[in-house]
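Trainee: Input structure: run.pdb, which contains PDB, C-alpha atoms and all ligand atoms.
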ATOM      1  CA  ALA A 210     190.892 119.629 -24.683
ATOM      2  CA  LYS A 211     193.560 118.410 -22.339
ATOM      3  CA  SER A 212     193.970 119.999 -18.920
ATOM      4  CA  ILE A 213     197.481 121.310 -18.334
ATOM      5  CA  LEU A 214     197.157 123.273 -15.086
ATOM      6  CA  LYS A 215     194.843 122.943 -12.130
ATOM      7  CA  VAL A 216     195.102 125.418  -9.281
ATOM      8  CA  GLU A 217     193.274 124.440  -6.108
ATOM      9  CA  ASN A 218     192.531 126.831  -3.278
ATOM     10  CA  LEU A 219     195.766 128.783  -3.718
ATOM     11  CA  LYS A 220     196.579 131.093  -0.827
ATOM     12  CA  THR A 221     199.571 133.370  -0.558
ATOM     13  CA  TYR A 222     199.732 135.351   2.657
ATOM     14  CA  PHE A 223     202.466 137.778   3.629
ATOM     15  CA  PRO A 224     203.105 138.269   7.343
ATOM     16  CA  ILE A 225     202.788 141.806   8.700
ATOM     17  CA  GLN A 226     205.680 142.222  11.096
ATOM     18  CA  THR A 227     205.894 145.063  13.560
ATOM     19  CA  GLY A 228     208.266 146.310  16.238
ATOM     20  CA  ILE A 229     211.994 145.698  16.570
ATOM     21  CA  PHE A 230     211.396 141.990  17.181
ATOM     22  CA  LYS A 231     209.379 141.717  13.973
ATOM     23  CA  LYS A 232     206.447 140.152  15.699
ATOM     24  CA  THR A 233     203.834 138.874  13.237
ATOM     25  CA  THR A 234     200.655 140.794  13.951
ATOM     26  CA  GLY A 235     198.604 139.768  10.950
ATOM     27  CA  TYR A 236     198.683 138.723   7.326
ATOM     28  CA  VAL A 237     198.178 140.429   4.005
ATOM     29  CA  LYS A 238     196.010 137.929   2.187
ATOM     30  CA  ALA A 239     197.341 138.714  -1.292
ATOM     31  CA  VAL A 240     195.899 135.523  -2.768
ATOM     32  CA  ASP A 241     193.066 134.111  -0.741
ATOM     33  CA  GLY A 242     191.720 130.844  -2.089
ATOM     34  CA  VAL A 243     192.016 130.936  -5.900
ATOM     35  CA  SER A 244     190.976 127.872  -7.950
ATOM     36  CA  PHE A 245     190.847 127.409 -11.708
ATOM     37  CA  GLU A 246     191.746 124.954 -14.418
ATOM     38  CA  LEU A 247     193.504 125.630 -17.683
ATOM     39  CA  ASN A 248     193.437 123.626 -20.895
ATOM     40  CA  GLN A 249     196.404 123.180 -23.169
ATOM     41  CA  GLY A 250     196.584 125.867 -25.829
ATOM     42  CA  GLU A 251     194.182 128.274 -24.215
ATOM     43  CA  THR A 252     194.650 131.770 -22.868
ATOM     44  CA  LEU A 253     193.208 132.632 -19.506
ATOM     45  CA  ALA A 254     193.256 136.317 -18.633
ATOM     46  CA  LEU A 255     193.379 137.344 -14.988
ATOM     47  CA  VAL A 256     192.025 140.840 -14.607
ATOM     48  CA  GLY A 257     191.531 143.267 -11.750
ATOM     49  CA  GLU A 258     192.674 146.533 -10.214
ATOM     50  CA  SER A 259     196.232 146.826  -8.934
ATOM     51  CA  GLY A 260     196.662 145.011  -5.646
ATOM     52  CA  CYS A 261     193.970 142.406  -6.376
ATOM     53  CA  GLY A 262     196.518 139.591  -6.247
ATOM     54  CA  LYS A 263     196.750 138.735  -9.928
ATOM     55  CA  SER A 264     200.551 139.121 -10.152
ATOM     56  CA  THR A 265     201.027 137.281  -6.872
ATOM     57  CA  THR A 266     198.853 134.473  -8.236
ATOM     58  CA  GLY A 267     201.092 134.223 -11.323
ATOM     59  CA  ARG A 268     204.304 134.252  -9.319
ATOM     60  CA  SER A 269     202.926 131.757  -6.788
ATOM     61  CA  ILE A 270     202.145 129.283  -9.575
ATOM     62  CA  LEU A 271     205.820 129.386 -10.610
ATOM     63  CA  ARG A 272     206.789 129.432  -6.920
ATOM     64  CA  LEU A 273     208.795 132.601  -7.449
ATOM     65  CA  ILE A 274     206.795 133.459  -4.328
ATOM     66  CA  GLU A 275     206.038 130.514  -2.050
ATOM     67  CA  PRO A 276     202.310 129.842  -1.675
ATOM     68  CA  THR A 277     201.002 129.508   1.873
ATOM     69  CA  GLU A 278     198.457 126.856   1.023
ATOM     70  CA  GLY A 279     196.861 125.063  -1.898
ATOM     71  CA  ARG A 280     197.872 122.776  -4.718
ATOM     72  CA  ILE A 281     199.131 123.548  -8.202
ATOM     73  CA  PHE A 282     198.908 120.596 -10.562
ATOM     74  CA  PHE A 283     200.936 121.029 -13.732
ATOM     75  CA  GLU A 284     200.414 118.086 -16.089
ATOM     76  CA  GLY A 285     199.131 116.166 -13.088
ATOM     77  CA  GLU A 286     202.134 116.835 -10.864
ATOM     78  CA  ASP A 287     201.752 118.997  -7.758
ATOM     79  CA  LEU A 288     204.342 121.786  -8.063
ATOM     80  CA  VAL A 289     203.951 122.648  -4.379
ATOM     81  CA  SER A 290     205.391 119.256  -3.444
ATOM     82  CA  LEU A 291     208.612 119.784  -5.456
ATOM     83  CA  SER A 292     211.905 120.711  -3.818
ATOM     84  CA  GLN A 293     213.508 124.045  -4.779
ATOM     85  CA  GLU A 294     215.907 122.218  -7.088
ATOM     86  CA  GLU A 295     213.147 120.187  -8.744
ATOM     87  CA  MET A 296     211.138 123.383  -9.205
ATOM     88  CA  ARG A 297     214.116 125.144 -10.768
ATOM     89  CA  VAL A 298     214.342 122.368 -13.360
ATOM     90  CA  LYS A 299     210.552 122.400 -13.857
ATOM     91  CA  ARG A 300     210.631 126.121 -14.741
ATOM     92  CA  LYS A 301     211.839 125.089 -18.153
ATOM     93  CA  ASP A 302     208.169 124.276 -18.812
ATOM     94  CA  LEU A 303     206.689 127.319 -17.080
ATOM     95  CA  GLN A 304     208.120 130.687 -18.009
ATOM     96  CA  MET A 305     207.249 134.251 -17.174
ATOM     97  CA  VAL A 306     207.146 137.428 -19.272
ATOM     98  CA  PHE A 307     207.228 140.653 -17.279
ATOM     99  CA  GLN A 308     205.693 144.095 -17.718
ATOM    100  CA  ASP A 309     208.807 146.172 -18.018
ATOM    101  CA  PRO A 310     211.175 144.396 -20.358
ATOM    102  CA  PHE A 311     213.912 146.955 -19.692
ATOM    103  CA  ALA A 312     213.888 146.353 -15.941
ATOM    104  CA  SER A 313     214.174 142.622 -16.489
ATOM    105  CA  LEU A 314     217.049 142.824 -19.002
ATOM    106  CA  ASN A 315     220.590 143.349 -17.721
ATOM    107  CA  PRO A 316     221.730 146.652 -19.352
ATOM    108  CA  ARG A 317     225.397 145.545 -19.483
ATOM    109  CA  GLN A 318     224.729 142.339 -21.365
ATOM    110  CA  THR A 319     224.306 141.938 -25.088
ATOM    111  CA  ILE A 320     221.091 140.368 -26.331
ATOM    112  CA  GLN A 321     223.189 137.336 -27.205
ATOM    113  CA  LYS A 322     224.222 136.920 -23.541
ATOM    114  CA  ILE A 323     220.734 137.638 -22.242
ATOM    115  CA  LEU A 324     219.204 134.977 -24.445
ATOM    116  CA  GLU A 325     221.999 132.502 -23.791
ATOM    117  CA  GLU A 326     221.610 132.545 -20.006
ATOM    118  CA  PRO A 327     218.463 130.400 -19.719
ATOM    119  CA  LEU A 328     219.957 127.926 -22.214
ATOM    120  CA  ILE A 329     223.038 127.566 -20.025
ATOM    121  CA  VAL A 330     220.973 127.302 -16.832
ATOM    122  CA  HIS A 331     218.910 124.494 -18.334
ATOM    123  CA  ARG A 332     221.962 122.919 -20.023
ATOM    124  CA  LEU A 333     220.577 123.148 -23.542
ATOM    125  CA  GLY A 334     222.990 122.712 -26.428
ATOM    126  CA  ASN A 335     226.687 123.435 -26.911
ATOM    127  CA  GLU A 336     228.032 126.891 -27.694
ATOM    128  CA  GLN A 337     227.432 126.640 -31.423
ATOM    129  CA  GLU A 338     223.925 125.219 -30.970
ATOM    130  CA  ARG A 339     223.063 127.945 -28.484
ATOM    131  CA  LYS A 340     224.215 130.593 -30.947
ATOM    132  CA  GLU A 341     222.044 129.125 -33.686
ATOM    133  CA  LYS A 342     219.115 128.878 -31.301
ATOM    134  CA  ILE A 343     219.488 132.562 -30.392
ATOM    135  CA  TYR A 344     219.514 133.628 -34.044
ATOM    136  CA  GLU A 345     216.446 131.515 -34.642
ATOM    137  CA  LEU A 346     214.672 133.001 -31.614
ATOM    138  CA  LEU A 347     215.354 136.538 -32.806
ATOM    139  CA  GLU A 348     213.814 135.729 -36.178
ATOM    140  CA  VAL A 349     210.824 134.076 -34.501
ATOM    141  CA  VAL A 350     210.010 137.239 -32.526
ATOM    142  CA  GLY A 351     210.476 139.533 -35.531
ATOM    143  CA  LEU A 352     214.047 140.726 -34.926
ATOM    144  CA  ASN A 353     217.207 139.659 -36.776
ATOM    145  CA  LYS A 354     220.475 137.999 -35.891
ATOM    146  CA  GLU A 355     222.589 141.119 -36.436
ATOM    147  CA  GLN A 356     220.812 142.570 -33.408
ATOM    148  CA  ALA A 357     222.276 139.906 -31.101
ATOM    149  CA  LYS A 358     225.400 142.027 -30.551
ATOM    150  CA  ARG A 359     223.459 145.021 -29.304
ATOM    151  CA  TYR A 360     222.532 146.119 -25.797
ATOM    152  CA  PRO A 361     219.012 146.562 -24.370
ATOM    153  CA  HIS A 362     219.134 150.384 -24.470
ATOM    154  CA  GLN A 363     219.555 150.218 -28.242
ATOM    155  CA  PHE A 364     216.046 148.831 -28.618
ATOM    156  CA  SER A 365     212.587 150.394 -28.419
ATOM    157  CA  GLY A 366     210.101 149.306 -25.754
ATOM    158  CA  GLY A 367     208.290 147.036 -28.172
ATOM    159  CA  GLN A 368     211.545 145.450 -29.367
ATOM    160  CA  ARG A 369     212.626 144.894 -25.770
ATOM    161  CA  GLN A 370     209.380 143.087 -25.074
ATOM    162  CA  ARG A 371     210.084 140.934 -28.122
ATOM    163  CA  ILE A 372     213.428 140.090 -26.504
ATOM    164  CA  GLY A 373     211.668 139.322 -23.207
ATOM    165  CA  ILE A 374     209.369 136.952 -25.072
ATOM    166  CA  ALA A 375     212.320 135.369 -26.911
ATOM    167  CA  ARG A 376     214.022 134.754 -23.583
ATOM    168  CA  ALA A 377     210.916 133.032 -22.201
ATOM    169  CA  LEU A 378     210.607 130.962 -25.390
ATOM    170  CA  SER A 379     214.257 129.915 -25.459
ATOM    171  CA  VAL A 380     213.750 126.876 -23.217
ATOM    172  CA  ASN A 381     210.653 125.630 -25.104
ATOM    173  CA  PRO A 382     208.101 126.201 -22.315
ATOM    174  CA  LYS A 383     204.559 124.850 -22.353
ATOM    175  CA  LEU A 384     202.994 127.554 -20.212
ATOM    176  CA  ILE A 385     203.824 131.258 -20.227
ATOM    177  CA  ILE A 386     202.576 133.579 -17.530
ATOM    178  CA  ALA A 387     202.662 137.091 -18.944
ATOM    179  CA  ASP A 388     202.282 139.795 -16.303
ATOM    180  CA  GLU A 389     201.037 143.022 -17.917
ATOM    181  CA  PRO A 390     203.241 142.364 -20.973
ATOM    182  CA  VAL A 391     201.927 145.318 -22.988
ATOM    183  CA  SER A 392     200.981 147.797 -20.250
ATOM    184  CA  ALA A 393     204.172 149.845 -20.639
ATOM    185  CA  LEU A 394     203.805 150.116 -24.434
ATOM    186  CA  ASP A 395     202.062 152.561 -26.778
ATOM    187  CA  VAL A 396     198.683 151.368 -27.997
ATOM    188  CA  SER A 397     199.917 150.790 -31.577
ATOM    189  CA  ILE A 398     202.815 148.679 -30.302
ATOM    190  CA  GLN A 399     200.515 146.784 -27.926
ATOM    191  CA  ALA A 400     198.617 145.329 -30.866
ATOM    192  CA  GLN A 401     201.854 144.141 -32.517
ATOM    193  CA  ILE A 402     202.989 142.338 -29.374
ATOM    194  CA  LEU A 403     199.550 140.778 -28.841
ATOM    195  CA  ASN A 404     199.555 139.559 -32.443
ATOM    196  CA  LEU A 405     203.034 138.142 -31.998
ATOM    197  CA  MET A 406     201.948 136.323 -28.833
ATOM    198  CA  GLU A 407     198.987 134.842 -30.691
ATOM    199  CA  ASP A 408     201.161 133.667 -33.579
ATOM    200  CA  LEU A 409     203.675 132.109 -31.196
ATOM    201  CA  GLN A 410     200.902 130.392 -29.285
ATOM    202  CA  GLU A 411     199.766 128.670 -32.441
ATOM    203  CA  GLU A 412     203.260 127.840 -33.672
ATOM    204  CA  PHE A 413     204.543 126.426 -30.368
ATOM    205  CA  LEU A 414     201.255 125.164 -28.847
ATOM    206  CA  LEU A 415     201.649 127.481 -25.881
ATOM    207  CA  THR A 416     199.231 127.955 -23.020
ATOM    208  CA  TYR A 417     199.011 131.468 -21.584
ATOM    209  CA  ILE A 418     197.980 133.104 -18.384
ATOM    210  CA  PHE A 419     197.695 136.745 -19.344
ATOM    211  CA  ILE A 420     197.615 139.153 -16.414
ATOM    212  CA  SER A 421     196.229 142.625 -17.027
ATOM    213  CA  HIS A 422     194.378 145.468 -15.332
ATOM    214  CA  ASP A 423     192.826 146.336 -18.689
ATOM    215  CA  LEU A 424     189.750 144.489 -19.941
ATOM    216  CA  SER A 425     190.050 146.084 -23.386
ATOM    217  CA  VAL A 426     193.537 144.565 -23.855
ATOM    218  CA  VAL A 427     192.542 141.023 -22.941
ATOM    219  CA  ARG A 428     189.432 141.049 -25.105
ATOM    220  CA  HIS A 429     191.705 140.526 -28.068
ATOM    221  CA  ILE A 430     193.720 137.607 -26.768
ATOM    222  CA  ALA A 431     191.794 135.706 -24.072
ATOM    223  CA  ASN A 432     189.669 132.564 -24.415
ATOM    224  CA  ARG A 433     188.482 132.858 -20.840
ATOM    225  CA  VAL A 434     188.619 135.693 -18.360
ATOM    226  CA  GLY A 435     188.866 135.565 -14.582
ATOM    227  CA  VAL A 436     188.123 138.716 -12.602
ATOM    228  CA  MET A 437     189.897 139.114  -9.279
ATOM    229  CA  TYR A 438     189.058 141.314  -6.330
ATOM    230  CA  LEU A 439     191.036 141.457  -3.084
ATOM    231  CA  GLY A 440     192.798 138.151  -3.602
ATOM    232  CA  SER A 441     189.829 136.133  -4.850
ATOM    233  CA  LEU A 442     188.278 135.272  -8.171
ATOM    234  CA  VAL A 443     184.793 136.787  -8.254
ATOM    235  CA  GLU A 444     183.866 135.742 -11.797
ATOM    236  CA  LEU A 445     185.256 133.403 -14.433
ATOM    237  CA  ALA A 446     183.756 132.706 -17.838
ATOM    238  CA  ASP A 447     184.400 132.286 -21.536
ATOM    239  CA  LYS A 448     185.409 135.620 -22.967
ATOM    240  CA  ASP A 449     182.281 136.389 -24.996
ATOM    241  CA  GLU A 450     180.040 135.267 -22.172
ATOM    242  CA  LEU A 451     181.868 137.505 -19.711
ATOM    243  CA  TYR A 452     181.816 140.582 -21.945
ATOM    244  CA  GLU A 453     178.200 140.109 -22.995
ATOM    245  CA  HIS A 454     176.675 138.813 -19.768
ATOM    246  CA  PRO A 455     178.782 139.917 -16.827
ATOM    247  CA  LEU A 456     177.072 138.800 -13.637
ATOM    248  CA  HIS A 457     179.200 140.088 -10.804
ATOM    249  CA  PRO A 458     178.601 143.762  -9.944
ATOM    250  CA  TYR A 459     182.375 144.319  -9.885
ATOM    251  CA  THR A 460     182.817 142.880 -13.394
ATOM    252  CA  GLN A 461     179.908 145.030 -14.577
ATOM    253  CA  ALA A 462     181.611 148.135 -13.194
ATOM    254  CA  LEU A 463     184.980 147.274 -14.762
ATOM    255  CA  LEU A 464     183.355 146.573 -18.128
ATOM    256  CA  SER A 465     181.373 149.800 -18.061
ATOM    257  CA  ALA A 466     184.699 151.661 -18.145
ATOM    258  CA  VAL A 467     185.917 149.878 -21.297
ATOM    259  CA  PRO A 468     185.466 152.080 -24.382
ATOM    260  CA  GLU A 469     182.729 150.713 -26.658
ATOM    261  CA  PRO A 470     183.932 150.546 -30.283
ATOM    262  CA  ASN A 471     180.372 150.761 -31.636
ATOM    263  CA  PRO A 472     179.052 154.331 -31.036
ATOM    264  CA  ASP A 473     175.417 153.198 -31.484
ATOM    265  CA  LEU A 474     175.701 151.050 -28.404
ATOM    266  CA  LYS A 475     175.489 153.517 -25.570
ATOM    267  CA  LYS A 476     176.440 152.202 -22.237
ATOM    268  CA  GLU A 477     176.175 153.587 -18.808
ATOM    269  CA  ARG A 478     179.357 154.057 -16.831
ATOM    270  CA  ILE A 479     179.081 152.458 -13.417
ATOM    271  CA  LEU A 480     181.274 154.405 -11.053
ATOM    272  CA  LEU A 481     182.700 152.526  -8.122
ATOM    273  CA  THR A 482     182.659 154.517  -4.940
ATOM    274  CA  GLY A 483     185.158 154.047  -2.145
ATOM    275  CA  ASP A 484     188.705 152.745  -2.240
ATOM    276  CA  VAL A 485     189.772 149.140  -2.527
ATOM    277  CA  PRO A 486     189.942 147.972   1.098
ATOM    278  CA  SER A 487     193.258 146.711   2.447
ATOM    279  CA  PRO A 488     193.938 142.998   1.862
ATOM    280  CA  ALA A 489     195.353 142.984   5.420
ATOM    281  CA  ASN A 490     191.906 143.755   6.732
ATOM    282  CA  PRO A 491     189.348 142.714   4.117
ATOM    283  CA  PRO A 492     185.609 143.297   4.633
ATOM    284  CA  SER A 493     183.571 140.444   6.095
ATOM    285  CA  GLY A 494     181.293 138.275   3.981
ATOM    286  CA  CYS A 495     181.513 139.402   0.358
ATOM    287  CA  LYS A 496     184.718 141.441   0.171
ATOM    288  CA  PHE A 497     183.085 143.703  -2.413
ATOM    289  CA  HIS A 498     180.194 144.741  -0.165
ATOM    290  CA  THR A 499     181.736 148.084   0.798
ATOM    291  CA  ARG A 500     181.515 149.220  -2.827
ATOM    292  CA  CYS A 501     178.491 147.332  -4.122
ATOM    293  CA  LYS A 502     175.250 149.103  -4.929
ATOM    294  CA  TYR A 503     173.297 145.829  -4.697
ATOM    295  CA  LYS A 504     174.506 145.023  -1.208
ATOM    296  CA  MET A 505     171.996 143.028   0.869
ATOM    297  CA  GLU A 506     172.005 142.061   4.510
ATOM    298  CA  ILE A 507     173.497 138.640   3.852
ATOM    299  CA  CYS A 508     176.446 140.168   1.949
ATOM    300  CA  GLU A 509     178.194 141.435   5.084
ATOM    301  CA  LYS A 510     177.655 138.188   6.948
ATOM    302  CA  GLU A 511     178.198 135.369   4.536
ATOM    303  CA  LYS A 512     180.960 134.845   2.027
ATOM    304  CA  PRO A 513     179.344 134.007  -1.329
ATOM    305  CA  GLU A 514     180.545 130.713  -2.790
ATOM    306  CA  PHE A 515     182.154 130.593  -6.197
ATOM    307  CA  VAL A 516     179.564 128.555  -8.074
ATOM    308  CA  ASP A 517     179.245 127.345 -11.639
ATOM    309  CA  LEU A 518     175.960 128.599 -13.097
ATOM    310  CA  GLY A 519     176.399 126.417 -16.167
ATOM    311  CA  ASN A 520     178.765 126.349 -19.154
ATOM    312  CA  GLY A 521     181.701 127.123 -16.906
ATOM    313  CA  HIS A 522     180.403 130.549 -15.934
ATOM    314  CA  LEU A 523     181.380 130.906 -12.295
ATOM    315  CA  VAL A 524     180.450 133.762 -10.031
ATOM    316  CA  ALA A 525     180.745 134.561  -6.331
ATOM    317  CA  CYS A 526     177.757 136.769  -5.517
ATOM    318  CA  HIS A 527     174.620 136.293  -3.432
ATOM    319  CA  LEU A 528     172.529 137.729  -6.288
ATOM    320  CA  HIS A 529     173.290 134.585  -8.289
ATOM    321  CA  ARG A 530     172.815 131.239  -6.586
TER
HETATM  322 FE1  LIG B 601     177.224 142.840  -4.079
HETATM  323 FE2  LIG B 601     176.315 141.141  -2.302
HETATM  324 FE3  LIG B 601     176.946 140.286  -4.697
HETATM  325 FE4  LIG B 601     178.816 141.022  -2.992
HETATM  326  S1  LIG B 601     177.439 139.310  -2.769
HETATM  327  S2  LIG B 601     178.727 141.553  -5.125
HETATM  328  S3  LIG B 601     177.839 142.732  -1.964
HETATM  329  S4  LIG B 601     175.323 141.709  -4.195
HETATM  330 MG    MG B 602     200.763 143.543 -10.725
END
With the file now loaded, output its structure as structure tokens.
Ligand code: SF4
Ligand code: MG
Mentor:
Amino acid sequence: AKSILKVENLKTYFPIQTGIFKKTTGYVKAVDGVSFELNQGETLALVGESGCGKSTTGRSILRLIEPTEGRIFFEGEDLVSLSQEEMRVKRKDLQMVFQDPFASLNPRQTIQKILEEPLIVHRLGNEQERKEKIYELLEVVGLNKEQAKRYPHQFSGGQRQRIGIARALSVNPKLIIADEPVSALDVSIQAQILNLMEDLQEEFLLTYIFISHDLSVVRHIANRVGVMYLGSLVELADKDELYEHPLHPYTQALLSAVPEPNPDLKKERILLTGDVPSPANPPSGCKFHTRCKYKMEICEKEKPEFVDLGNGHLVACHLHR
């Protein structure tokens, strides 16, 4: 498989500014040294509790938020080195789908206008060609061309997410970063959107980064899963490997909360105690040590390295080295 994206030591810090002179007194380390590689046509899920930095990671890759440090190679080219204008052009290849399709659709614009905008921005086609493209896009996402004249409020949540996906698809991207794309939808609708995303992936050879707080949602769609905690990846593995042999205590706790479809397989719920610490003031050593029942002396002192234990199963924990 061909590598399409390589993220190296990505850091996105937000300054904490206090007082009337907005003096910088510290940093929220939203993304704190994330590295991974993505092959063309695969789906990598990034999972973790809210505030773990998964959305910021997605937005930093597209430079919708400027990374503080690190390199982002897309098809061999470092996106961090591009000017704003070059990046704007490059976003034709890297698109984003958001959680709340309604919030990201202008309520005063028809679907026609909404879908036409990215085509105009990227100078694709003349008016007639754009119109045909929009009709085609609506069909592709399971809507029809008569619906182009309607407004966002005339659609259900699931239909609006189909429109959000059509908008991302309109410029023929190679990579789509979907940030909680089904989290606002009913469970029955979630499955339809996930199926649609899978079909589109096959049809258009898309690569996905699928961001979710829900391990049961990504089980369906992911090839690999990365688990994030306080701005860092703590485990990354092929999907089946991760679900069957989770190694990091945090992954084990998250998975224990996922409903088991087979009632004969009883599993013990691992309850995490304590709150997620603030990313402005993360714990020393292993950032998970304040909530880990396996905590050892070394855990407070030394940051565990993110090491490959074989077959691309990476984990950052002193229990596994
Ligand atoms: Fe727990 Fe230590 Fe592993 Fe961190 S490094 S997850 S504290 S055992
Ligand atoms: Mg988020």
Trainee: Would you compute the distance between CA of Val350 in chain A and CA of Glu325 in chain A? Give it in Å to one decimal.
Mentor: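 According to the coordinates, CA of Val350 in chain A and CA of Glu325 in chain A are separated by 15.6 Å.
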Trainee: Evaluate the PyMOL selection byres (((chain A and resi 481) around 8) and not hetatm) on the structure here and hand back the selected residues as a list of chain:residue names.
Mentor: A:Ala462, A:Ile479, A:Leu480, A:Thr482, A:Gly483, A:Arg500, A:Cys501
Trainee: Taking the file as shown, find all residues satisfying the PyMOL selection byres (((chain A and resi 374) around 10) and not hetatm) and write them as a PyMOL selection string.
Mentor: chain A and resi 304-307+310+346-347+349-350+368-373+375-379+385+387+390+402+405-406+409
Trainee: Each residue of chain A lying at most 9 Å from ligand LIG 601 (chain B) should get a row with its shortest atom-to-atom pair and the distance in Å to one decimal, counting all atoms listed in the file; could you produce that, ordered by chain and increasing number, as JSON lines?
Mentor:
{"residue": "A:Val443", "atom": "CA", "partner": "B:LIG601", "partner_atom": "S2", "distance": 8.3}
{"residue": "A:His457", "atom": "CA", "partner": "B:LIG601", "partner_atom": "S2", "distance": 5.9}
{"residue": "A:Pro458", "atom": "CA", "partner": "B:LIG601", "partner_atom": "S2", "distance": 5.3}
{"residue": "A:Tyr459", "atom": "CA", "partner": "B:LIG601", "partner_atom": "S2", "distance": 6.6}
{"residue": "A:Gly494", "atom": "CA", "partner": "B:LIG601", "partner_atom": "S1", "distance": 7.8}
{"residue": "A:Cys495", "atom": "CA", "partner": "B:LIG601", "partner_atom": "FE4", "distance": 4.6}
{"residue": "A:Lys496", "atom": "CA", "partner": "B:LIG601", "partner_atom": "FE4", "distance": 6.7}
{"residue": "A:Phe497", "atom": "CA", "partner": "B:LIG601", "partner_atom": "FE4", "distance": 5.1}
{"residue": "A:His498", "atom": "CA", "partner": "B:LIG601", "partner_atom": "S3", "distance": 3.6}
{"residue": "A:Thr499", "atom": "CA", "partner": "B:LIG601", "partner_atom": "S3", "distance": 7.2}
{"residue": "A:Arg500", "atom": "CA", "partner": "B:LIG601", "partner_atom": "S3", "distance": 7.5}
{"residue": "A:Cys501", "atom": "CA", "partner": "B:LIG601", "partner_atom": "FE1", "distance": 4.7}
{"residue": "A:Lys502", "atom": "CA", "partner": "B:LIG601", "partner_atom": "FE1", "distance": 6.6}
{"residue": "A:Tyr503", "atom": "CA", "partner": "B:LIG601", "partner_atom": "S4", "distance": 4.6}
{"residue": "A:Lys504", "atom": "CA", "partner": "B:LIG601", "partner_atom": "S3", "distance": 4.1}
{"residue": "A:Met505", "atom": "CA", "partner": "B:LIG601", "partner_atom": "FE2", "distance": 5.7}
{"residue": "A:Glu506", "atom": "CA", "partner": "B:LIG601", "partner_atom": "FE2", "distance": 8.1}
{"residue": "A:Ile507", "atom": "CA", "partner": "B:LIG601", "partner_atom": "FE2", "distance": 7.2}
{"residue": "A:Cys508", "atom": "CA", "partner": "B:LIG601", "partner_atom": "FE2", "distance": 4.4}
{"residue": "A:Glu509", "atom": "CA", "partner": "B:LIG601", "partner_atom": "S3", "distance": 7.2}
{"residue": "A:Glu511", "atom": "CA", "partner": "B:LIG601", "partner_atom": "S1", "distance": 8.3}
{"residue": "A:Lys512", "atom": "CA", "partner": "B:LIG601", "partner_atom": "S1", "distance": 7.4}
{"residue": "A:Pro513", "atom": "CA", "partner": "B:LIG601", "partner_atom": "S1", "distance": 5.8}
{"residue": "A:Ala525", "atom": "CA", "partner": "B:LIG601", "partner_atom": "S1", "distance": 6.8}
{"residue": "A:Cys526", "atom": "CA", "partner": "B:LIG601", "partner_atom": "FE3", "distance": 3.7}
{"residue": "A:His527", "atom": "CA", "partner": "B:LIG601", "partner_atom": "S1", "distance": 4.2}
{"residue": "A:Leu528", "atom": "CA", "partner": "B:LIG601", "partner_atom": "S4", "distance": 5.3}
{"residue": "A:His529", "atom": "CA", "partner": "B:LIG601", "partner_atom": "FE3", "distance": 7.7}
Trainee: Write a file of the just-selected residues containing C-alpha atoms, as a compact mmCIF listing (two decimals), in the frame of the given file.
Mentor:
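The file below, again-v5.txt, is the result:
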# COMPACT_ATOMS: atom_id res chain seq x y z
CA VAL A 443 184.79 136.79 -8.25
CA HIS A 457 179.20 140.09 -10.80
CA PRO A 458 178.60 143.76 -9.94
CA TYR A 459 182.38 144.32 -9.88
CA GLY A 494 181.29 138.28 3.98
CA CYS A 495 181.51 139.40 0.36
CA LYS A 496 184.72 141.44 0.17
CA PHE A 497 183.08 143.70 -2.41
CA HIS A 498 180.19 144.74 -0.16
CA THR A 499 181.74 148.08 0.80
CA ARG A 500 181.52 149.22 -2.83
CA CYS A 501 178.49 147.33 -4.12
CA LYS A 502 175.25 149.10 -4.93
CA TYR A 503 173.30 145.83 -4.70
CA LYS A 504 174.51 145.02 -1.21
CA MET A 505 172.00 143.03 0.87
CA GLU A 506 172.00 142.06 4.51
CA ILE A 507 173.50 138.64 3.85
CA CYS A 508 176.45 140.17 1.95
CA GLU A 509 178.19 141.44 5.08
CA GLU A 511 178.20 135.37 4.54
CA LYS A 512 180.96 134.84 2.03
CA PRO A 513 179.34 134.01 -1.33
CA ALA A 525 180.74 134.56 -6.33
CA CYS A 526 177.76 136.77 -5.52
CA HIS A 527 174.62 136.29 -3.43
CA LEU A 528 172.53 137.73 -6.29
CA HIS A 529 173.29 134.58 -8.29
Trainee: Choose the residue, out of A:Ile386, A:Ile430, A:Val485, A:Leu518, that has the smallest atom-to-atom separation from Arg300 in chain A; count only C-alpha atoms.
Mentor: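 Among the listed residues, A:Ile386 lies closest to Arg300 in chain A.
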Trainee: What would the selection look like, as a PDB file with C-alpha atoms, in the frame of the given file, if the PyMOL selection byres (((not hetatm)) within 7 of (chain B and resi 602)) were run on the coordinates I just shared?
Mentor:
ATOM      1  CA  SER A 259     196.232 146.826  -8.934  1.00  0.00           C
ATOM      2  CA  GLY A 260     196.662 145.011  -5.646  1.00  0.00           C
ATOM      3  CA  LYS A 263     196.750 138.735  -9.928  1.00  0.00           C
ATOM      4  CA  SER A 264     200.551 139.121 -10.152  1.00  0.00           C
ATOM      5  CA  ASP A 388     202.282 139.795 -16.303  1.00  0.00           C
TER       6      ASP A 388
END
Trainee: CA of Val434 in chain A and CA of Ala312 in chain A are how many Å apart?
Mentor: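 One can read the CA of Val434 in chain A to CA of Ala312 in chain A distance as 27.5 Å.
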Trainee: May I ask which of the residues A:Ala400, A:Val467, A:Leu456, A:Leu333 is the closest one to Arg530 in chain A, counting only C-alpha atoms?
Mentor: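 Closest residue, counting only C-alpha atoms: A:Leu456.
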Trainee: Report the distance between CA of Glu258 in chain A and CA of Val436 in chain A in Å, rounded to one decimal place.
Mentor: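 CA of Val436 in chain A lies 9.4 Å from CA of Glu258 in chain A.
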Trainee: Tell me which of A:Val330, A:Cys261, A:Leu303, A:Leu271 sits closest to Lys238 in chain A, counting only C-alpha atoms.
Mentor: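 Result for the nearest residue to Lys238 in chain A: A:Cys261.
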